[in-house]
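Colleague: What follows is data.cif; its format and atoms are mmCIF, C-alpha atoms and all ligand atoms.
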```
data_target
loop_
_atom_site.label_atom_id
_atom_site.label_comp_id
_atom_site.auth_asym_id
_atom_site.auth_seq_id
_atom_site.Cartn_x
_atom_site.Cartn_y
_atom_site.Cartn_z
CA MET A 29 0.16 5.61 -15.40
CA GLN A 30 2.33 5.64 -18.44
CA GLU A 31 0.68 6.92 -21.55
CA SER A 32 1.17 5.24 -24.86
CA GLY A 33 4.07 6.76 -26.77
CA GLU A 34 6.14 7.12 -23.60
CA THR A 35 7.52 3.61 -23.68
CA SER A 36 11.16 3.84 -22.64
CA THR A 37 13.54 3.78 -25.59
CA GLY A 38 15.82 1.35 -23.76
CA THR A 39 13.75 -1.75 -24.27
CA GLY A 40 11.70 -0.49 -27.18
CA ASP A 41 8.20 -1.49 -28.11
CA GLU A 42 7.86 -5.25 -28.13
CA LEU A 43 5.51 -4.90 -31.06
CA PHE A 44 8.49 -4.06 -33.25
CA GLN A 45 11.10 -6.12 -31.48
CA ALA A 46 11.65 -8.43 -34.41
CA VAL A 47 12.73 -5.50 -36.59
CA ASP A 48 16.48 -5.16 -36.26
CA GLU A 49 18.79 -2.25 -37.08
CA SER A 50 18.82 -2.85 -40.81
CA GLY A 51 15.07 -2.40 -40.71
CA ASP A 52 14.66 -6.07 -41.33
CA HIS A 53 14.47 -9.38 -39.57
CA THR A 54 16.83 -12.22 -38.85
CA ILE A 55 16.04 -13.82 -42.18
CA PHE A 56 16.16 -11.05 -44.74
CA ALA A 57 18.92 -8.58 -45.47
CA ASN A 58 17.04 -6.99 -48.35
CA ARG A 59 13.63 -8.51 -48.94
CA GLU A 60 12.93 -5.88 -51.58
CA LEU A 61 15.01 -7.92 -54.04
CA LEU A 62 12.30 -10.58 -53.98
CA ASN A 63 9.44 -8.20 -54.64
CA ILE A 64 7.67 -8.89 -57.86
CA ASP A 65 7.80 -5.32 -59.11
CA HIS A 66 11.43 -4.94 -58.21
CA VAL A 67 13.33 -4.08 -61.39
CA PRO A 68 16.69 -5.82 -61.24
CA ASP A 69 19.73 -3.97 -62.50
CA GLU A 70 21.73 -5.29 -65.40
CA THR A 71 23.98 -7.52 -63.37
CA ARG A 72 20.98 -9.42 -62.08
CA ILE A 73 19.37 -10.12 -65.45
CA VAL A 74 20.12 -13.67 -66.47
CA GLY A 75 20.06 -15.47 -69.79
CA ARG A 76 18.51 -12.75 -71.92
CA ASP A 77 21.67 -11.18 -73.37
CA GLU A 78 20.74 -12.12 -76.88
CA HIS A 79 17.23 -10.71 -76.62
CA ILE A 80 18.61 -7.51 -75.12
CA ARG A 81 21.14 -7.13 -77.91
CA ASP A 82 18.65 -7.97 -80.67
CA LEU A 83 16.07 -5.54 -79.36
CA ALA A 84 18.72 -2.83 -79.02
CA ASN A 85 19.70 -3.43 -82.66
CA GLU A 86 16.14 -2.97 -83.88
CA VAL A 87 15.37 0.19 -81.94
CA GLY A 88 18.96 1.47 -81.95
CA PRO A 89 18.69 4.17 -84.66
CA ALA A 90 16.35 6.10 -82.36
CA VAL A 91 19.27 7.13 -80.15
CA THR A 92 20.47 9.34 -82.99
CA GLY A 93 16.98 10.44 -84.03
CA GLY A 94 16.84 7.90 -86.87
CA PRO A 95 13.87 5.60 -87.57
CA PRO A 96 13.72 2.61 -85.21
CA ASN A 97 12.12 -0.70 -86.21
CA SER A 98 9.02 -1.89 -84.44
CA VAL A 99 9.26 -5.20 -82.62
CA ILE A 100 6.84 -7.69 -81.11
CA LEU A 101 7.94 -9.63 -78.03
CA TYR A 102 6.11 -12.88 -77.37
CA GLY A 103 6.41 -15.33 -74.56
CA LYS A 104 4.68 -16.95 -71.65
CA THR A 105 4.10 -15.08 -68.45
CA GLY A 106 7.20 -14.51 -66.32
CA SER A 107 9.65 -15.02 -69.16
CA GLY A 108 11.27 -11.60 -68.87
CA LYS A 109 9.55 -9.68 -71.69
CA SER A 110 8.66 -6.56 -69.72
CA LEU A 111 12.00 -6.67 -67.97
CA VAL A 112 13.97 -6.79 -71.22
CA ALA A 113 11.87 -4.06 -72.84
CA ASN A 114 12.24 -1.72 -69.85
CA HIS A 115 15.91 -2.42 -69.60
CA VAL A 116 16.59 -1.64 -73.25
CA MET A 117 14.41 1.49 -73.13
CA ASP A 118 16.34 2.78 -70.10
CA ARG A 119 19.65 2.24 -71.78
CA ALA A 120 18.43 3.77 -75.04
CA GLN A 121 17.29 6.83 -73.10
CA LYS A 122 20.69 7.23 -71.44
CA GLU A 123 22.55 6.77 -74.69
CA ALA A 124 20.30 9.28 -76.46
CA GLN A 125 21.02 11.84 -73.77
CA ARG A 126 24.72 11.25 -74.17
CA ARG A 127 24.33 11.99 -77.86
CA ASP A 128 22.10 15.02 -77.32
CA THR A 129 19.15 13.33 -78.96
CA HIS A 130 15.72 14.06 -77.56
CA LEU A 131 14.28 10.57 -77.32
CA ALA A 132 10.79 9.98 -75.97
CA THR A 133 10.45 6.66 -74.15
CA VAL A 134 7.22 5.55 -72.57
CA THR A 135 5.55 2.30 -71.52
CA VAL A 136 1.82 1.79 -71.29
CA ASP A 137 0.21 -1.23 -69.72
CA CYS A 138 -2.71 -1.83 -72.04
CA ALA A 139 -4.36 -4.08 -69.45
CA GLN A 140 -4.69 -1.04 -67.18
CA ALA A 141 -5.76 1.51 -69.76
CA LYS A 142 -9.46 1.82 -70.41
CA GLY A 143 -9.80 2.02 -74.14
CA GLU A 144 -8.16 3.91 -76.95
CA ALA A 145 -8.47 7.47 -75.64
CA ASP A 146 -7.07 6.47 -72.27
CA THR A 147 -4.13 4.66 -73.85
CA ILE A 148 -3.19 7.62 -76.02
CA GLN A 149 -3.69 9.93 -73.06
CA SER A 150 -1.19 7.84 -71.05
CA ILE A 151 1.36 7.91 -73.84
CA ALA A 152 1.03 11.68 -74.38
CA ASP A 153 1.06 12.43 -70.68
CA GLY A 154 4.03 10.13 -70.13
CA ILE A 155 6.27 12.09 -72.49
CA ASN A 156 4.87 15.58 -72.00
CA PRO A 157 7.40 17.90 -70.36
CA PRO A 158 5.91 20.84 -68.44
CA GLU A 159 7.52 23.34 -70.84
CA SER A 160 5.79 21.92 -73.95
CA GLY A 161 2.76 24.14 -73.37
CA VAL A 162 0.51 21.27 -74.51
CA LYS A 163 -2.19 20.17 -72.10
CA VAL A 164 -3.16 16.50 -71.81
CA PRO A 165 -6.24 16.40 -69.58
CA THR A 166 -7.41 13.03 -68.29
CA ARG A 167 -10.84 13.59 -69.82
CA GLY A 168 -12.97 15.98 -71.75
CA ILE A 169 -11.36 15.81 -75.18
CA SER A 170 -12.01 13.43 -78.05
CA THR A 171 -9.83 10.47 -78.94
CA ASN A 172 -8.85 12.29 -82.07
CA GLU A 173 -7.75 15.30 -80.07
CA TYR A 174 -5.57 13.09 -77.86
CA TYR A 175 -3.78 11.90 -80.97
CA ASN A 176 -3.33 15.49 -82.13
CA ARG A 177 -1.81 16.48 -78.83
CA LEU A 178 0.49 13.47 -78.90
CA TRP A 179 1.73 14.46 -82.38
CA GLU A 180 2.17 18.03 -81.23
CA ILE A 181 4.26 17.06 -78.20
CA LEU A 182 6.41 14.75 -80.30
CA ASP A 183 7.03 17.39 -82.97
CA ARG A 184 7.78 20.14 -80.50
CA GLU A 185 9.98 18.26 -78.08
CA TYR A 186 11.51 15.16 -79.63
CA ASP A 187 13.72 13.71 -82.34
CA ALA A 188 12.46 10.14 -82.05
CA ALA A 189 10.14 8.01 -79.91
CA LEU A 190 10.04 4.49 -78.52
CA ILE A 191 6.62 3.45 -77.30
CA THR A 192 6.18 0.17 -75.43
CA LEU A 193 2.69 -1.29 -75.40
CA ASP A 194 2.77 -3.96 -72.73
CA GLU A 195 -0.01 -6.59 -72.74
CA VAL A 196 -0.92 -5.30 -76.17
CA ASP A 197 -3.43 -8.09 -76.80
CA ARG A 198 -5.69 -6.38 -74.27
CA LEU A 199 -6.39 -3.52 -76.67
CA ASP A 200 -9.90 -3.60 -78.06
CA ASP A 201 -8.70 -3.46 -81.63
CA ASP A 202 -5.82 -2.62 -83.96
CA ASN A 203 -6.56 1.05 -84.22
CA ILE A 204 -3.80 2.27 -81.94
CA LEU A 205 -1.17 0.09 -83.55
CA MET A 206 -2.35 1.23 -86.94
CA LEU A 207 -2.32 4.95 -86.19
CA LEU A 208 0.97 4.93 -84.29
CA SER A 209 2.81 2.82 -86.81
CA ARG A 210 1.56 4.86 -89.77
CA ALA A 211 1.69 8.30 -88.22
CA ARG A 212 4.80 9.43 -89.98
CA GLU A 213 3.84 7.99 -93.33
CA ALA A 214 0.45 9.67 -92.98
CA GLU A 215 2.29 12.94 -92.26
CA LYS A 216 0.68 13.37 -88.88
CA VAL A 217 4.05 13.75 -87.29
CA ASP A 218 7.69 14.24 -88.29
CA VAL A 219 9.26 12.18 -85.57
CA PRO A 220 10.13 8.52 -86.23
CA ILE A 221 8.29 6.17 -83.88
CA GLY A 222 9.26 2.64 -82.88
CA ILE A 223 6.66 0.46 -81.22
CA ILE A 224 7.59 -2.39 -78.90
CA SER A 225 4.51 -4.58 -78.52
CA ILE A 226 4.50 -7.21 -75.80
CA SER A 227 2.11 -10.13 -75.62
CA ASN A 228 1.91 -13.47 -73.87
CA LYS A 229 -0.46 -14.78 -76.49
CA VAL A 230 1.49 -16.50 -79.16
CA ASN A 231 -1.33 -16.28 -81.66
CA PHE A 232 -1.67 -12.54 -81.13
CA ARG A 233 -0.36 -11.77 -84.58
CA ASP A 234 -3.21 -13.71 -86.18
CA GLN A 235 -5.62 -11.17 -84.75
CA MET A 236 -4.00 -8.25 -86.52
CA THR A 237 -5.17 -6.98 -89.84
CA GLU A 238 -2.79 -7.31 -92.76
CA ARG A 239 -2.27 -3.57 -92.90
CA VAL A 240 -1.09 -3.42 -89.32
CA LYS A 241 1.12 -6.46 -89.78
CA SER A 242 2.81 -4.88 -92.72
CA SER A 243 3.35 -1.53 -91.05
CA LEU A 244 4.66 -3.08 -87.87
CA GLY A 245 7.10 -5.19 -89.82
CA HIS A 246 8.09 -8.74 -89.04
CA ASN A 247 10.47 -8.41 -86.16
CA GLU A 248 9.34 -10.87 -83.58
CA PHE A 249 11.26 -12.24 -80.64
CA ILE A 250 10.10 -15.28 -78.77
CA PHE A 251 10.87 -15.59 -75.06
CA ASP A 252 10.98 -19.25 -74.08
CA PRO A 253 10.07 -20.24 -70.53
CA TYR A 254 13.15 -20.48 -68.33
CA ASP A 255 14.70 -23.86 -67.68
CA GLY A 256 15.86 -25.03 -64.25
CA GLU A 257 19.40 -23.81 -64.77
CA GLN A 258 18.33 -20.30 -65.76
CA LEU A 259 15.88 -20.06 -62.88
CA ARG A 260 18.60 -21.15 -60.55
CA ARG A 261 20.84 -18.34 -61.79
CA ILE A 262 18.01 -15.80 -61.54
CA LEU A 263 17.39 -16.80 -57.94
CA ASN A 264 21.09 -17.02 -57.10
CA ASN A 265 21.47 -13.46 -58.28
CA ARG A 266 19.02 -12.37 -55.61
CA LYS A 267 20.36 -14.54 -52.86
CA ASP A 268 21.58 -11.42 -51.06
CA ALA A 269 17.96 -10.75 -50.21
CA PHE A 270 18.76 -13.10 -47.32
CA LYS A 271 21.21 -12.62 -44.53
CA GLU A 272 24.39 -14.63 -44.77
CA GLU A 273 24.22 -18.26 -43.67
CA VAL A 274 20.43 -18.15 -43.44
CA LEU A 275 19.62 -19.87 -46.70
CA HIS A 276 20.45 -23.58 -46.90
CA SER A 277 22.28 -24.51 -50.06
CA GLY A 278 19.53 -26.79 -51.33
CA VAL A 279 16.75 -24.20 -51.25
CA ILE A 280 17.48 -22.32 -54.45
CA PRO A 281 18.06 -25.44 -56.59
CA LYS A 282 14.84 -26.91 -55.28
CA THR A 283 12.85 -23.73 -55.87
CA ALA A 284 14.23 -23.54 -59.40
CA ALA A 285 13.44 -27.18 -60.08
CA LEU A 286 9.88 -26.83 -58.83
CA ALA A 287 9.28 -23.75 -60.94
CA ALA A 288 10.91 -25.18 -64.04
CA GLN A 289 8.88 -28.36 -63.85
CA ARG A 290 5.63 -26.55 -63.83
CA HIS A 291 5.88 -23.34 -65.83
CA GLY A 292 9.37 -21.84 -66.16
CA ASP A 293 7.94 -18.59 -64.80
CA ALA A 294 10.56 -16.40 -63.09
CA ARG A 295 7.91 -14.41 -61.27
CA LYS A 296 6.49 -17.51 -59.60
CA ALA A 297 9.96 -18.81 -58.78
CA ILE A 298 10.91 -15.55 -57.04
CA ARG A 299 7.64 -15.46 -55.18
CA LEU A 300 8.10 -19.00 -53.96
CA LEU A 301 11.54 -18.21 -52.58
CA ARG A 302 10.13 -15.17 -50.81
CA HIS A 303 7.38 -17.27 -49.29
CA ALA A 304 9.98 -19.67 -47.89
CA GLY A 305 11.76 -16.72 -46.26
CA ASP A 306 8.50 -15.35 -44.93
CA TYR A 307 7.63 -18.71 -43.51
CA ALA A 308 10.90 -18.81 -41.56
CA LYS A 309 10.47 -15.22 -40.46
CA ASN A 310 6.90 -15.63 -39.28
CA ASN A 311 7.80 -18.71 -37.32
CA ASP A 312 10.81 -17.01 -35.69
CA LEU A 313 13.28 -19.39 -37.26
CA ASP A 314 16.81 -18.36 -38.11
CA GLU A 315 17.32 -20.40 -41.25
CA VAL A 316 15.50 -21.34 -44.40
CA THR A 317 15.60 -25.01 -45.37
CA GLU A 318 14.07 -27.12 -48.10
CA VAL A 319 11.42 -28.27 -45.68
CA HIS A 320 10.39 -24.67 -45.12
CA LEU A 321 10.09 -24.28 -48.81
CA ASP A 322 7.53 -27.07 -49.03
CA LEU A 323 5.65 -25.82 -46.01
CA ALA A 324 5.74 -22.27 -47.27
CA GLN A 325 4.35 -23.27 -50.58
CA GLU A 326 1.45 -25.07 -49.03
CA GLN A 327 0.78 -22.69 -46.22
CA ALA A 328 1.37 -19.31 -47.78
CA GLU A 329 -0.44 -20.20 -50.91
CA GLY A 330 -3.20 -22.10 -49.17
CA GLU A 331 -3.91 -19.22 -46.84
CA ARG A 332 -3.88 -16.61 -49.51
CA LEU A 333 -6.12 -18.69 -51.67
CA LYS A 334 -8.51 -19.15 -48.78
CA GLU A 335 -8.60 -15.43 -48.21
CA LEU A 336 -9.16 -14.82 -51.85
CA ILE A 337 -12.11 -17.10 -52.17
CA ALA A 338 -13.64 -16.61 -48.73
CA GLY A 339 -17.08 -15.21 -49.26
CA LEU A 340 -17.46 -16.67 -52.72
CA PRO A 341 -20.35 -19.08 -53.30
CA PRO A 342 -19.63 -22.83 -52.88
CA HIS A 343 -19.90 -23.29 -56.62
CA SER A 344 -16.80 -21.16 -57.12
CA LYS A 345 -15.02 -23.73 -55.02
CA TYR A 346 -16.41 -26.57 -57.12
CA LEU A 347 -15.25 -24.78 -60.21
CA LEU A 348 -11.81 -24.43 -58.71
CA TYR A 349 -11.75 -28.15 -57.95
CA ALA A 350 -12.75 -28.86 -61.52
CA LEU A 351 -9.93 -26.72 -62.84
CA ALA A 352 -7.45 -28.14 -60.32
CA ASN A 353 -8.40 -31.68 -61.35
CA LEU A 354 -7.94 -30.83 -64.97
CA THR A 355 -4.60 -29.15 -64.35
CA ALA A 356 -3.30 -31.95 -62.14
CA LYS A 357 -4.38 -34.76 -64.42
CA THR A 358 -3.48 -33.41 -67.79
CA ALA A 359 -0.06 -34.64 -68.76
CA ASP A 360 0.07 -32.09 -71.54
CA GLU A 361 2.27 -29.01 -70.98
CA ARG A 362 -0.68 -26.84 -71.80
CA ASP A 363 -2.74 -25.86 -68.80
CA TRP A 364 -5.38 -23.70 -70.48
CA PHE A 365 -8.89 -25.12 -70.63
CA ARG A 366 -11.98 -24.00 -72.48
CA THR A 367 -15.08 -23.03 -70.54
CA THR A 368 -16.98 -26.03 -71.91
CA VAL A 369 -14.26 -28.45 -70.80
CA ILE A 370 -14.22 -26.99 -67.30
CA TYR A 371 -18.00 -27.09 -67.21
CA ASP A 372 -18.02 -30.83 -67.91
CA VAL A 373 -15.68 -31.58 -65.03
CA TYR A 374 -17.52 -29.11 -62.82
CA THR A 375 -20.77 -31.05 -63.26
CA LYS A 376 -18.94 -34.17 -62.09
CA VAL A 377 -17.68 -32.32 -59.02
CA CYS A 378 -21.25 -31.25 -58.28
CA GLU A 379 -22.34 -34.83 -58.58
CA ALA A 380 -19.60 -35.92 -56.16
CA GLU A 381 -20.63 -33.15 -53.77
CA GLY A 382 -24.27 -34.13 -54.11
CA THR A 383 -25.56 -30.81 -55.40
CA ASP A 384 -27.19 -29.65 -58.60
CA ASP A 385 -25.04 -27.83 -61.10
CA LEU A 386 -25.62 -24.23 -62.16
CA THR A 387 -26.16 -22.97 -65.70
CA THR A 388 -23.27 -22.27 -68.03
CA ASP A 389 -24.02 -18.56 -67.88
CA THR A 390 -23.65 -18.49 -64.11
CA ILE A 391 -20.47 -20.52 -64.41
CA ARG A 392 -19.10 -18.03 -66.89
CA SER A 393 -19.62 -15.20 -64.47
CA LEU A 394 -18.12 -17.18 -61.58
CA LEU A 395 -15.09 -17.82 -63.79
CA SER A 396 -14.73 -14.09 -64.45
CA GLU A 397 -14.89 -13.49 -60.74
CA LEU A 398 -12.11 -16.01 -60.12
CA ALA A 399 -10.03 -14.33 -62.82
CA PHE A 400 -10.67 -10.96 -61.26
CA LEU A 401 -9.33 -12.27 -57.95
CA GLU A 402 -6.28 -13.62 -59.79
CA VAL A 403 -7.07 -17.15 -58.77
CA THR A 404 -7.34 -17.99 -62.43
CA GLU A 405 -6.47 -16.24 -65.64
CA SER A 406 -8.70 -16.01 -68.71
CA ASN A 407 -7.92 -15.48 -72.33
CA GLN A 408 -10.15 -14.74 -75.24
CA GLU A 409 -9.14 -17.04 -78.06
CA TYR A 410 -9.89 -16.71 -81.73
CA GLY A 411 -11.09 -19.92 -83.29
CA GLY A 412 -10.15 -18.68 -86.75
CA MET A 413 -12.15 -17.39 -89.68
CA GLY A 414 -15.87 -17.85 -89.16
CA LYS A 415 -15.40 -19.81 -85.96
CA GLY A 416 -15.90 -16.96 -83.55
CA THR A 417 -14.22 -16.64 -80.21
CA TYR A 418 -14.09 -18.71 -77.05
CA LYS A 419 -12.59 -18.31 -73.63
CA GLU A 420 -9.84 -20.32 -72.03
CA HIS A 421 -8.89 -20.37 -68.38
CA ARG A 422 -6.00 -21.56 -66.36
CA LEU A 423 -5.28 -21.99 -62.70
CA LEU A 424 -2.68 -19.62 -61.31
CA TRP A 425 -2.12 -21.81 -58.25
CA GLU A 426 -0.74 -25.28 -57.77
CA PRO A 427 -3.57 -27.85 -57.83
CA SER A 428 -2.17 -29.33 -54.58
CA VAL A 429 -2.80 -25.99 -52.87
CA VAL A 430 -6.40 -26.01 -54.03
CA PHE A 431 -6.94 -29.56 -52.79
CA LYS A 432 -5.40 -28.67 -49.43
CA MET A 433 -8.19 -26.20 -48.75
CA ASP A 434 -10.60 -29.00 -48.07
CA PRO A 435 -9.98 -32.10 -45.94
CA ASP A 436 -11.91 -34.19 -48.44
CA PRO A 437 -11.68 -32.56 -51.84
CA ALA A 438 -13.66 -33.93 -54.72
CA GLN A 439 -11.46 -36.00 -57.02
CA VAL A 440 -13.12 -36.76 -60.30
CA ASP A 441 -12.37 -38.35 -63.63
CA VAL A 442 -11.35 -35.79 -66.16
CA ASP A 443 -11.15 -37.64 -69.45
N1 LIG A 501 16.22 -13.01 -66.99
C1 LIG A 501 15.83 -12.56 -65.78
N2 LIG A 501 16.74 -12.24 -64.86
C2 LIG A 501 16.37 -11.79 -63.65
N3 LIG A 501 15.09 -11.61 -63.28
C3 LIG A 501 14.13 -11.93 -64.15
C4 LIG A 501 14.45 -12.42 -65.45
N4 LIG A 501 13.32 -12.63 -66.14
C5 LIG A 501 12.32 -12.29 -65.31
N5 LIG A 501 12.78 -11.87 -64.12
C6 LIG A 501 11.96 -11.41 -63.00
O1 LIG A 501 10.73 -12.12 -63.06
C7 LIG A 501 9.60 -11.26 -62.96
C8 LIG A 501 8.73 -11.39 -64.19
O2 LIG A 501 9.40 -10.91 -65.35
P1 LIG A 501 8.65 -10.01 -66.44
O3 LIG A 501 7.77 -9.05 -65.74
O4 LIG A 501 9.65 -9.45 -67.36
O5 LIG A 501 7.78 -11.12 -67.14
P2 LIG A 501 6.87 -11.00 -68.45
O6 LIG A 501 7.45 -11.90 -69.48
O7 LIG A 501 6.68 -9.57 -68.81
O8 LIG A 501 5.53 -11.65 -67.91
P3 LIG A 501 3.98 -11.24 -68.21
O9 LIG A 501 3.65 -11.79 -69.54
O10 LIG A 501 3.24 -11.94 -67.10
O11 LIG A 501 3.89 -9.75 -68.12
C9 LIG A 501 10.17 -9.87 -62.74
O12 LIG A 501 10.09 -9.60 -61.37
C10 LIG A 501 11.60 -9.94 -63.19
O13 LIG A 501 12.37 -9.12 -62.39
MG MG A 502 5.05 -8.29 -68.56
#
```
Could you show the structure in this file as structure tokens?
Ligand SMILES: Nc1ncnc2c1ncn2[C@@H]1O[C@H](COP(=O)(O)OP(=O)(O)OP(=O)(O)O)[C@@H](O)[C@H]1O
Ligand SMILES: [Mg+2]
Modeller:
Amino acid sequence: MQESGETSTGTGDELFQAVDESGDHTIFANRELLNIDHVPDETRIVGRDEHIRDLANEVGPAVTGGPPNSVILYGKTGSGKSLVANHVMDRAQKEAQRRDTHLATVTVDCAQAKGEADTIQSIADGINPPESGVKVPTRGISTNEYYNRLWEILDREYDAALITLDEVDRLDDDNILMLLSRAREAEKVDVPIGIISISNKVNFRDQMTERVKSSLGHNEFIFDPYDGEQLRRILNNRKDAFKEEVLHSGVIPKTAALAAQRHGDARKAIRLLRHAGDYAKNNDLDEVTEVHLDLAQEQAEGERLKELIAGLPPHSKYLLYALANLTAKTADERDWFRTTVIYDVYTKVCEAEGTDDLTTDTIRSLLSELAFLEVTESNQEYGGMGKGTYKEHRLLWEPSVVFKMDPDPAQVDVD
């Protein structure tokens, strides 16, 4: 009897038959190009030349060790903010090296960091060369001490620093922005620091105290959602993810049009194109057509959504229907809805389904759960002086995909 592992090399293991010599399948030549965390090189960045140049102008002095300006980048999700910031930081770093300037560049995702100490720890650790002699432990020292070590590393090793705080609105408060932007003025450190803050909340600035606003300066760049033409160019630039002749000529324009219509989000557009390729691959087809695109959108998304919410209580599903109804039936561009608005529609869904509705508190926690699973996204909004805060939610999936999950989904009035 032949033992496993001794399969003759001539025919190969049928389990991996579909993998050809390039390590890929008949559809893709380089699927990696369609990965969401793939960082495209300069030639693949489309339509952001002006933002790249403007940002480079603001932070430019840092490449000689001079004081850079701080900048805030705003824009909806998938509009290229992180991409542009990373790109400019990379090029600034290379240029600084060419000029023998010691430039610290570091990016922290504030959505990942757990509080102030952790954020400062990440910054310090990110720029700390082994030879600095400064230790940046992950725990066990005070927030204040993390700052001290950061200043020490900067003073010992660098001429200037560019710090990118991505998803900056996720910070608990202004403290970090305040201390970083005033560090030199407060004589904590000698090195000039430029801060690139990135947020997809356009009212983020309203949350900052006047002092922080004034020390950060007023350089703000807005990233508009991409239009169909730009999305088409972004996708065209990654067309070589597919093997030649595989992709029908109508697929990219259609993907771009779909994405532009709904959100202008490059991330979603790229993901949709990848799903179309995956659909063809998984069904052993040798081409990707517009029909596959539609099917892929429904199937890939429908299945993933099902997986995501399998095991959740039925009321999570009703909530999703409520949100999908709202999203589908609101003509307005804006697809964020307050908890109370969703709750109203949710009670109608319950009525249609013939069950009692749950309390607002329970609904709130179900909504957090959906956000955690990345089915929805939640934002804390500030009502303005004396009005407190409220939460808004939006569906990260097409309403049609949500409705497809059930043969007879509840359709309700939303006005
Ligand atoms: N102008 C562009 N050219 C080529 N690819 C782009 C462009 N803009 C965005 N992308 C691609 O789209 C994806 C999302 O872009 P990015 O991460 O920069 O969005 P973002 O504005 O930071 O969104 P978020 O607010 O959700 O963080 C990335 O994979 C990026 O490679
Ligand atoms: Mg980003």
Colleague: Choose the residue, out of A:Ala141, A:Ala399, A:Val99, A:Ala287, that has the smallest atom-to-atom separation from Leu190 (chain A); count all atoms listed in the file.
Modeller: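 The answer is A:Val99, which sits nearest to Leu190 (chain A).
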Colleague: Would you mind telling me which residue in A:Arg167, A:Arg295, A:Arg302, A:Arg233 lies nearest to ligand MG 502 (chain A) when using only C-alpha atoms and all ligand atoms?
Modeller: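 Answer, going by the shortest atom-to-atom distance: A:Arg295.
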Colleague: Could you state the separation of CA of Lys104 (chain A) and CA of Tyr371 (chain A) in Å, given to one decimal place?
Modeller: 25.2 Å
Colleague: Can you work out which one of A:Val112, A:Met117, A:Leu424, A:Leu263 has the shortest atom-to-atom distance to Leu401 (chain A), counting only C-alpha atoms?
Modeller: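 Using only C-alpha atoms, Leu401 (chain A) sits closest to A:Leu424.
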Colleague: May I have the protein, DNA and RNA residues with an atom at most 6 Å from (10.6, 9.2, -82.4), counting all atoms listed in the file in the file's coordinates, returned as an MDAnalysis selection string?
Modeller: chainID A and resid 187:189 219:221
Colleague: Can you write out as CSV which residues of chain A fall within 6 Å of ligand LIG 501 (chain A), alongside each residue's closest atom pair and its distance in Å to one decimal, counting all atoms listed in the file and ordering rows by chain and ascending residue number?
Modeller:
```
residue,atom,partner,partner_atom,distance
A:Ile64,CA,A:LIG501,O12,4.3
A:Asp65,CA,A:LIG501,O12,5.4
A:His66,CA,A:LIG501,O12,5.8
A:Val67,CA,A:LIG501,O13,5.2
A:Pro68,CA,A:LIG501,O13,5.6
A:Arg72,CA,A:LIG501,C2,5.4
A:Ile73,CA,A:LIG501,N2,3.4
A:Val74,CA,A:LIG501,N1,4.0
A:Gly75,CA,A:LIG501,N1,5.4
A:Arg76,CA,A:LIG501,N1,5.4
A:Lys104,CA,A:LIG501,O9,5.7
A:Thr105,CA,A:LIG501,O9,3.5
A:Gly106,CA,A:LIG501,O5,3.5
A:Ser107,CA,A:LIG501,O6,3.8
A:Gly108,CA,A:LIG501,O4,3.1
A:Lys109,CA,A:LIG501,O6,3.8
A:Ser110,CA,A:LIG501,O7,3.7
A:Leu111,CA,A:LIG501,O4,3.7
A:Asn228,CA,A:LIG501,O9,5.0
A:Ile262,CA,A:LIG501,C2,4.8
A:Ala294,CA,A:LIG501,O1,4.3
A:Arg295,CA,A:LIG501,C7,4.0
```
Colleague: Of the candidates A:Glu70, A:Asp82, A:Glu195, A:Glu248, which one gets nearest to Val136 (chain A) if we count only C-alpha atoms?
Modeller: A:Glu195
Colleague: For each of A:Val440, A:Cys138, A:Val403, A:Leu301, take the minimum atom-to-atom distance to ligand MG 502 (chain A), counting all atoms listed in the file, then give the residue where this is smallest.
Modeller: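 So, comparing all the options, the nearest one is A:Cys138.
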Colleague: Would you work out the distance separating CA of Ser243 (chain A) from CA of Glu213 (chain A), expressed in Å to one decimal?
Modeller: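 Computing the Euclidean distance for CA of Ser243 (chain A) and CA of Glu213 (chain A) yields 9.8 Å.
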Colleague: Just to confirm, what's the straight-line distance from CA of Val279 (chain A) to CA of His303 (chain A) in Å (one decimal)?
Modeller: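 Taking CA of Val279 (chain A) and CA of His303 (chain A), their separation equals 11.8 Å.
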Colleague: Nearest residue to Gly94 (chain A) out of A:Phe431, A:Tyr349, A:Tyr186, A:Phe251, using all atoms listed in the file?
Modeller: A:Tyr186
Colleague: Using only the atoms of region 425-428 of chain A listed in the file, plus 5 Å on each side, state the axis-aligned box centre and edge lengths in Å rounded to one decimal, as lines of an AutoDock Vina configuration file.
Modeller:
```
center_x = -2.2
center_y = -25.6
center_z = -56.4
size_x = 12.8
size_y = 17.5
size_z = 13.7
```
Colleague: Could you list, as a list in words, every residue within 9 Å of Asn97 (chain A), counting all atoms listed in the file and ignoring same-chain residues fewer than 5 positions away?
Modeller: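 After dropping sequence-adjacent residues, the list is Asn85, Glu86, Val87, Gly88, Pro89, Ala90, Ile221, Gly222, Ile223, Ile224, Leu244, Gly245 and Asn247 of chain A.
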Colleague: Could you name the residues that touch region 308-321 of chain A at 8 Å or less, counting only C-alpha atoms, but leaving out those on the same chain fewer than 5 positions away, as a list of chain:residue names?
Modeller: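 After dropping sequence-adjacent residues, the list is A:His53, A:Thr54, A:Ile55, A:Glu273, A:Val274, A:Leu275, A:His276, A:Gly278, A:Val279, A:Lys282, A:Thr283, A:Leu300, A:Leu301, A:His303.
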Colleague: Compile the contact shell of Phe365 (chain A) as a list in words: residues with an atom at most 7 Å away, counting only C-alpha atoms, same-chain residues fewer than 3 positions apart removed.
Modeller: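 The filter keeps Val369, Ile370, Glu420, His421 and Arg422 of chain A.
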